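Below is run10.cif, which holds mmCIF, C-alpha atoms and all ligand atoms.
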data_coords
#
loop_
_atom_site.group_PDB
_atom_site.id
_atom_site.type_symbol
_atom_site.label_atom_id
_atom_site.label_comp_id
_atom_site.auth_asym_id
_atom_site.auth_seq_id
_atom_site.Cartn_x
_atom_site.Cartn_y
_atom_site.Cartn_z
ATOM 1 C CA MET A 1 -18.504 14.991 0.708
ATOM 2 C CA ARG A 2 -17.816 18.649 -0.113
ATOM 3 C CA ASP A 3 -21.506 19.347 0.515
ATOM 4 C CA TYR A 4 -20.721 18.652 4.182
ATOM 5 C CA CYS A 5 -17.862 21.148 4.491
ATOM 6 C CA GLY A 6 -18.316 23.330 7.567
ATOM 7 C CA ILE A 7 -20.290 20.698 9.452
ATOM 8 C CA ILE A 8 -18.991 19.911 12.948
ATOM 9 C CA PHE A 9 -19.527 16.573 14.715
ATOM 10 C CA GLY A 10 -18.292 17.067 18.280
ATOM 11 C CA GLU A 11 -14.557 17.654 17.885
ATOM 12 C CA ILE A 12 -14.524 16.742 14.192
ATOM 13 C CA GLU A 13 -15.007 19.460 11.602
ATOM 14 C CA VAL A 14 -15.390 18.659 7.918
ATOM 15 C CA VAL A 15 -13.085 20.915 5.880
ATOM 16 C CA ASP A 16 -11.936 20.914 2.264
ATOM 17 C CA GLU A 17 -8.285 21.341 3.208
ATOM 18 C CA LEU A 18 -6.126 22.311 6.152
ATOM 19 C CA ILE A 19 -2.552 23.479 6.805
ATOM 20 C CA HIS A 20 -1.165 21.081 9.401
ATOM 21 C CA GLU A 21 1.941 21.976 11.362
ATOM 22 C CA THR A 22 3.812 18.955 12.687
ATOM 23 C CA ALA A 23 5.446 18.917 16.137
ATOM 24 C CA ASP A 24 8.822 19.683 14.515
ATOM 25 C CA GLY A 25 7.444 22.752 12.766
ATOM 26 C CA ARG A 26 6.949 21.500 9.223
ATOM 27 C CA ARG A 27 3.891 22.802 7.448
ATOM 28 C CA PHE A 28 1.862 20.398 5.348
ATOM 29 C CA LEU A 29 -1.112 20.836 3.084
ATOM 30 C CA LEU A 30 -3.663 18.269 4.251
ATOM 31 C CA ILE A 31 -6.033 17.570 1.386
ATOM 32 C CA HIS A 32 -7.914 14.642 -0.165
ATOM 33 C CA GLY A 33 -6.029 15.017 -3.448
ATOM 34 C CA ASP A 34 -8.633 14.608 -6.205
ATOM 35 C CA VAL A 35 -7.760 18.130 -7.393
ATOM 36 C CA PHE A 36 -4.355 16.774 -8.504
ATOM 37 C CA ASP A 37 -5.969 13.987 -10.510
ATOM 38 C CA GLN A 38 -6.051 15.007 -14.182
ATOM 39 C CA VAL A 39 -8.200 11.984 -15.067
ATOM 40 C CA THR A 40 -11.116 12.729 -12.751
ATOM 41 C CA ARG A 41 -10.857 16.400 -13.647
ATOM 42 C CA HIS A 42 -10.853 16.063 -17.425
ATOM 43 C CA HIS A 43 -11.908 12.560 -18.411
ATOM 44 C CA ARG A 44 -14.850 11.632 -16.254
ATOM 45 C CA TRP A 45 -15.653 8.397 -18.106
ATOM 46 C CA VAL A 46 -12.118 7.033 -17.632
ATOM 47 C CA ALA A 47 -12.483 7.704 -13.916
ATOM 48 C CA VAL A 48 -15.824 5.865 -13.782
ATOM 49 C CA LEU A 49 -14.356 2.921 -15.710
ATOM 50 C CA GLY A 50 -11.314 2.877 -13.434
ATOM 51 C CA ASP A 51 -13.539 2.935 -10.374
ATOM 52 C CA LYS A 52 -15.481 -0.102 -11.660
ATOM 53 C CA ALA A 53 -12.245 -1.946 -12.509
ATOM 54 C CA TYR A 54 -10.881 -1.207 -9.044
ATOM 55 C CA ASP A 55 -14.067 -2.476 -7.410
ATOM 56 C CA LEU A 56 -13.788 -5.657 -9.467
ATOM 57 C CA LEU A 57 -10.147 -6.205 -8.444
ATOM 58 C CA VAL A 58 -10.973 -5.699 -4.758
ATOM 59 C CA ARG A 59 -13.857 -8.175 -5.131
ATOM 60 C CA LEU A 60 -11.706 -10.747 -6.951
ATOM 61 C CA ASN A 61 -9.099 -10.285 -4.258
ATOM 62 C CA HIS A 62 -11.670 -11.272 -1.665
ATOM 63 C CA TRP A 63 -11.940 -14.710 -3.304
ATOM 64 C CA LEU A 64 -8.206 -14.904 -3.867
ATOM 65 C CA SER A 65 -7.587 -14.217 -0.152
ATOM 66 C CA TRP A 66 -10.061 -16.951 0.693
ATOM 67 C CA GLY A 67 -8.142 -19.351 -1.590
ATOM 68 C CA ARG A 68 -4.810 -18.319 -0.075
ATOM 69 C CA ARG A 69 -6.133 -18.917 3.430
ATOM 70 C CA LYS A 70 -7.421 -22.367 2.384
ATOM 71 C CA LEU A 71 -3.939 -23.169 1.078
ATOM 72 C CA GLY A 72 -2.472 -22.021 4.358
ATOM 73 C CA ILE A 73 -0.665 -19.001 2.863
ATOM 74 C CA SER A 74 -0.504 -16.317 5.515
ATOM 75 C CA GLY A 75 -0.420 -12.572 5.050
ATOM 76 C CA TYR A 76 -2.614 -10.242 3.041
ATOM 77 C CA TRP A 77 -1.797 -9.725 -0.614
ATOM 78 C CA SER A 78 -3.483 -7.082 -2.748
ATOM 79 C CA LEU A 79 -4.388 -7.858 -6.358
ATOM 80 C CA ALA A 80 -5.177 -4.200 -7.059
ATOM 81 C CA GLY A 81 -1.811 -3.254 -5.548
ATOM 82 C CA TYR A 82 -0.109 -5.821 -7.778
ATOM 83 C CA ALA A 83 -1.897 -4.442 -10.881
ATOM 84 C CA LYS A 84 -0.867 -0.898 -9.953
ATOM 85 C CA ARG A 85 2.775 -1.949 -9.558
ATOM 86 C CA LYS A 86 2.790 -3.830 -12.882
ATOM 87 C CA VAL A 87 0.859 -1.559 -15.233
ATOM 88 C CA LYS A 88 3.091 1.200 -16.598
ATOM 89 C CA THR A 89 0.168 3.572 -17.210
ATOM 90 C CA ALA A 90 -0.856 3.197 -13.559
ATOM 91 C CA LEU A 91 2.669 4.064 -12.434
ATOM 92 C CA ASN A 92 2.822 7.069 -14.753
ATOM 93 C CA PHE A 93 -0.498 8.222 -13.373
ATOM 94 C CA ILE A 94 0.841 7.894 -9.812
ATOM 95 C CA PHE A 95 4.008 9.859 -10.632
ATOM 96 C CA ASP A 96 2.036 12.621 -12.388
ATOM 97 C CA PHE A 97 -0.251 12.833 -9.381
ATOM 98 C CA GLU A 98 2.676 13.062 -6.942
ATOM 99 C CA ASP A 99 4.405 15.732 -9.038
ATOM 100 C CA SER A 100 1.233 17.773 -9.264
ATOM 101 C CA ALA A 101 0.688 17.559 -5.491
ATOM 102 C CA ILE A 102 4.289 18.602 -4.743
ATOM 103 C CA HIS A 103 4.117 21.442 -7.269
ATOM 104 C CA HIS A 104 1.005 22.743 -5.519
ATOM 105 C CA ALA A 105 2.597 22.522 -2.037
ATOM 106 C CA ARG A 106 5.700 24.341 -3.277
ATOM 107 C CA GLU A 107 3.645 27.150 -4.814
ATOM 108 C CA ARG A 108 2.063 27.702 -1.413
ATOM 109 C CA GLY A 109 5.422 27.788 0.355
ATOM 110 C CA LEU A 110 4.817 24.628 2.361
ATOM 111 C CA ASP A 111 7.125 21.771 3.360
ATOM 112 C CA GLY A 112 4.971 19.059 1.858
ATOM 113 C CA VAL A 113 1.600 17.555 1.215
ATOM 114 C CA ILE A 114 -0.413 14.849 2.992
ATOM 115 C CA CYS A 115 -3.144 13.351 0.819
ATOM 116 C CA GLY A 116 -4.911 10.156 -0.164
ATOM 117 C CA HIS A 117 -7.238 9.635 -3.131
ATOM 118 C CA ILE A 118 -5.086 7.314 -5.306
ATOM 119 C CA HIS A 119 -4.948 4.430 -2.789
ATOM 120 C CA TRP A 120 -1.167 4.312 -2.987
ATOM 121 C CA ALA A 121 0.497 4.742 0.406
ATOM 122 C CA THR A 122 3.955 6.257 0.548
ATOM 123 C CA ILE A 123 6.222 8.735 2.281
ATOM 124 C CA ARG A 124 8.782 10.175 -0.117
ATOM 125 C CA GLU A 125 10.995 13.166 -0.633
ATOM 126 C CA ILE A 126 10.358 14.796 -4.001
ATOM 127 C CA ASP A 127 12.609 17.721 -4.924
ATOM 128 C CA GLY A 128 13.180 18.599 -1.280
ATOM 129 C CA LEU A 129 9.522 18.459 -0.250
ATOM 130 C CA SER A 130 7.718 15.649 1.544
ATOM 131 C CA TYR A 131 5.041 13.741 -0.282
ATOM 132 C CA VAL A 132 2.881 11.737 2.116
ATOM 133 C CA ASN A 133 -0.011 9.532 1.034
ATOM 134 C CA CYS A 134 -2.051 7.624 3.620
ATOM 135 C CA GLY A 135 -3.286 5.020 1.139
ATOM 136 C CA ASP A 136 -6.703 3.606 1.898
ATOM 137 C CA TRP A 137 -8.699 1.464 4.271
ATOM 138 C CA VAL A 138 -10.536 -0.705 1.727
ATOM 139 C CA ASP A 139 -7.623 -2.591 0.156
ATOM 140 C CA SER A 140 -4.127 -1.701 1.309
ATOM 141 C CA CYS A 141 -5.277 -0.857 4.890
ATOM 142 C CA THR A 142 -2.625 1.765 5.581
ATOM 143 C CA ALA A 143 -2.539 5.000 7.543
ATOM 144 C CA ILE A 144 -0.179 7.832 8.457
ATOM 145 C CA VAL A 145 0.652 8.570 12.080
ATOM 146 C CA GLU A 146 2.551 11.504 13.531
ATOM 147 C CA HIS A 147 4.875 10.775 16.445
ATOM 148 C CA PHE A 148 5.263 13.230 19.308
ATOM 149 C CA ASP A 149 8.525 14.476 17.782
ATOM 150 C CA GLY A 150 6.755 15.276 14.494
ATOM 151 C CA ARG A 151 8.077 12.249 12.630
ATOM 152 C CA LEU A 152 5.542 10.855 10.178
ATOM 153 C CA GLU A 153 5.228 7.121 9.771
ATOM 154 C CA LEU A 154 3.310 4.910 7.403
ATOM 155 C CA VAL A 155 1.594 2.086 9.250
ATOM 156 C CA GLU A 156 0.066 -0.998 7.718
ATOM 157 C CA TRP A 157 -2.771 -2.875 9.382
ATOM 158 C CA GLY A 158 -2.066 -6.494 10.196
ATOM 159 C CA MET A 159 1.664 -6.177 9.620
ATOM 160 C CA HIS A 160 3.975 -6.573 12.585
ATOM 161 C CA GLN A 161 6.656 -4.527 10.970
ATOM 162 C CA THR A 162 6.036 -1.064 9.551
ATOM 163 C CA LEU A 163 7.488 0.371 6.373
ATOM 164 C CA PRO A 164 10.652 2.453 6.700
ATOM 165 C CA VAL A 165 10.150 6.163 7.121
ATOM 166 C CA LEU A 166 11.622 7.863 4.086
ATOM 167 C CA ALA A 167 10.785 11.417 5.063
ATOM 168 C CA THR A 168 13.473 13.129 7.095
ATOM 169 C CA PRO A 169 12.371 16.109 9.157
ATOM 170 C CA ILE A 170 12.959 19.398 7.403
ATOM 171 C CA ILE A 171 13.189 22.315 9.782
ATOM 172 C CA GLU A 172 13.374 25.682 8.082
ATOM 173 C CA PRO A 173 15.224 28.434 10.012
ATOM 174 C CA GLU A 174 12.024 30.462 10.434
ATOM 175 C CA HIS A 175 10.312 27.478 12.033
ATOM 176 C CA ALA A 176 13.277 26.664 14.272
ATOM 177 C CA GLU A 177 13.017 30.100 15.876
ATOM 178 C CA ALA A 178 9.326 29.774 16.638
HETATM 179 MN MN MN A 201 -10.797 10.103 -3.940
#
As a first step, turn the structure in this file into structure tokens.
Amino acid sequence: MRDYCGIIFGEIEVVDELIHETADGRRFLLIHGDVFDQVTRHHRWVAVLGDKAYDLLVRLNHWLSWGRRKLGISGYWSLAGYAKRKVKTALNFIFDFEDSAIHHARERGLDGVICGHIHWATIREIDGLSYVNCGDWVDSCTAIVEHFDGRLELVEWGMHQTLPVLATPIIEPEHAEA
């Protein structure tokens, strides 16, 4: 997609990254996040293998969902999500990714980072900065919304209830004055 950077479709401009200021004055680095992924950066073949495995899990889940519906079990359940929660290496990968993203945001003097890439939705505080991941729309079906007061919330498609917001607004003195 980087080949399309700079292209504008109506009100939508394709950019590599953006500094987003929320309504309450917090500054976030808005970025896809692959730059924080040591695997895709240094071990291309592992990334390709992982991509194929993920595709397979999403496909298997399609049949599993069908079976669950036939059995009258309601609600969406993600096999890939289950695998990610259970496999220690996957969790370590997620934590390394989050740390790398937060480290990058801190170096740039920002309040946090909003990214995606790893298909793992969350809003967390890490060492005083906000780590926000929108997840994905192919399996977990999650997104991040900003309320008019600047509060960020993780929303899940098809769920009546939304996940609790773990990020508390951080207003730095310099932003409060503005
Ligand atoms: Mn990606």
Computed interatomic separation between CA of Leu57 in chain A and CA of Val35 in chain A (Å):
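Separation between CA of Leu57 in chain A and CA of Val35 in chain A: 24.5 Å.
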Counting only C-alpha atoms and all ligand atoms, which of A:Val39, A:Leu129, A:Ile73, A:Ala105 gets nearest to ligand MN 201 (chain A)?
A:Val39
Of A:Glu11, A:Glu17, A:Glu98, A:Asp139, the one sitting nearest His62 in chain A when using all atoms listed in the file is A:Asp139
Applied to this file, what does the PyMOL selection byres (((chain A and resi 14) around 12) and not hetatm) return in terms of residues, put as an MDAnalysis selection string?
chainID A and resid 1:13 15:18 31:32
Measuring between only C-alpha atoms, which one of A:Gly33, A:Trp120, A:Thr40, A:Phe28 shows the shortest distance to Arg85 in chain A?
A:Trp120
Output of the PyMOL selection byres (((not hetatm)) within 9 of (chain A and resi 201)), listed as a count of residues only:
7
Result set of the PyMOL selection byres (((chain A and resi 113) around 9) and not hetatm) on the coordinates above, as a PyMOL selection string
chain A and resi 27-31+101-102+104-105+110-112+114-115+129-133
Report, in Å with one decimal, the straight-line distance from CA of Thr122 in chain A to CA of Leu56 in chain A.
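One can read the CA of Thr122 in chain A to CA of Leu56 in chain A distance as 23.6 Å.
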Please write as a PyMOL selection string the list of polymer residues whose atoms come within 6 Å of (1.0, 6.5, 3.0), counting only C-alpha atoms and keeping to the coordinates of the file.
chain A and resi 121-123+132-135+143-144+154
From the options A:Tyr82, A:Phe93, A:Trp77, A:Phe36, which residue's atoms come nearest to Cys141 in chain A, counting only C-alpha atoms?
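Closest residue, counting only C-alpha atoms: A:Trp77.
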